[in-house]
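Peer 1: One structure, as structure tokens, below. Some questions next.
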Amino acid sequence: MALLLRFLLLCGIVGFTRSLSITTPEQMIEKAKGETAYLPCKFTLSSEDQGPLDIEWLISPADNQKVDQVIILYSGDKIYDDYYPDLKGRVHFTSNDLKSGDASINVTNLQLSDIGTYQCKVKKAPGVANKKIQLVVLVKPSGTRCYVDGSEEIGSDFKLKCEPKEGSLPLQYEWQKLSDSQKMPTSWLAEMTLSVISVKNASSEYSGTYSCTVRNRVGSDQCLLRLNVVPPSNKAGLIAGAIIGTLLALVLIGLIIFCCHKKRREEKYEKEVHHDIREDVPPPKSRTSTARSYIGSNHSSLGSMSPSNMEGYSKTQYNQVPSEDFERTPQSPTLPPAKVAAPNLSRMGAIPVMIPAQSKDGSIV
């Protein structure tokens with residue numbers, strides 16, 4: 001036996017493995033998302049290992065679509081931790097003196113993308129050794145909600161549900177009654193470890209406060225439920241009230257539509273009447289032409305009157321001229337009167353008329 005061992009050492013088959021060894025066993029570590037994972041890697045050296053110390057950690061992602069990648073490296077007494085972008089700033093050596101034989105690391109703020117196989121490799125010529133650790137990241141149950149699905153009435157069927165917002169499988173459920181006798185109904189016992197409890201023919205004895213606890217391998221969460229089983233409500237009255245309310249709403253809508261339609265018809269009628277008046281009524285005559293025609297007719301009358309009837313005319317006819325129209329008659333430029341000889345006037349058929357003079361008070365002199 002001693003000769004066989006000596007032969008193997010001379011051949012160099014086991015010499016390098018006996019000089020440097022990693023004492024940490026291969027294992028699987030489960031941690032919750034957001035926590036810190038400690039990945040151990042402790043090694044021992046022998047007097048034969050005289051070369052420089054190199055330590056590197058590699059990751060093999062769980063999807064097996066990526067090759068092994070270095071996440072942190074120690075070489076030449078320096079640490080390099082920016083090789084892997086997904087873990088940049090989240091992976092660190094736990095020891096300040098790596099030559100003491102501790103190459104363990106911490107991975108902080110774990111994410112689901114950190115799941116994979118991690119390999120610790122230690123080199124110190126002529127010795128080389130490595131170990132693998134499986135890291136599993138799980139999500140704790142959280143945001144658990146308890147509620148009743150159905151009508152909480154005596155004699156009805158409904159369900160008690162317990163649903164976490166997130167949580168890695170497998171999940172375990174546990175229901176408990178916290179109030180009254182703290183005893184669960186016998187018919188529920190078979191479903192005490194399920195997320196849903198089906199209640200048949202409910203009774204008032206089921207009323208109380210219940211708790212549901214959800215667990216997985218990395219954590220747990222809990223929610224509370226208040227169950228209040230009451231007598232059946234008057235559904236007929238509710239239905240009748242809903243129908244009456246609907247009818248009243250329809251009547252109100254109809255009245256609003258009718259009023260709006262009536263108002264539009266009235267506005268349309270007013271516009272049409274106003275438009276007809278404006279089209280049918282002829283434009284008003286000019287006040288200036290009216291006044292002129294009025295004065296012209298009076299002048300012609302004066303020419304045929306004798307001095308005997310001038311007095312009555314001056315007092316009545318002159319007062320009939322509309323003062324407003326006369327005052328607003330535009331003033332035409334005054335032309336000097338043309339002088340016509342008396343013989344010419346006789347030939348033209350003019351009749352001599354004597355116009356009486358008037359005093360300031362309006363009386364004829």
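Each chain in the structure tokens gets a letter, A, B, ..., in the order shown, and its residues are numbered from 1; ligands are numbered from 1 in order too.
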Write out as a VMD selection string each polymer residue whose atoms come within 12 Å of region 189-206 of chain A, counting only C-alpha atoms; drop sequence neighbours fewer than 3 positions from it.
Peer 2: chain A and resid 144 to 164 171 to 186 209 to 215 223 226 to 232
Peer 1: Per DSSP on the backbone, what are the helix (DSSP H, G or I) residues of region 203-283 of chain A, as a ChimeraX atom specification?
Peer 2: /A:204-206,235-280
Peer 1: Between CA of Gly127 (chain A) and CA of Asp97 (chain A), what is the distance, to one decimal in Å?
Peer 2: 19.4 Å
Peer 1: Give me, as an MDAnalysis selection string, all polymer residues having an atom no more than 10 Å from Ser19 (chain A), counting only C-alpha atoms and skipping those fewer than 3 positions away in the same chain.
Peer 2: chainID A and resid 14:16 44:49 124:129
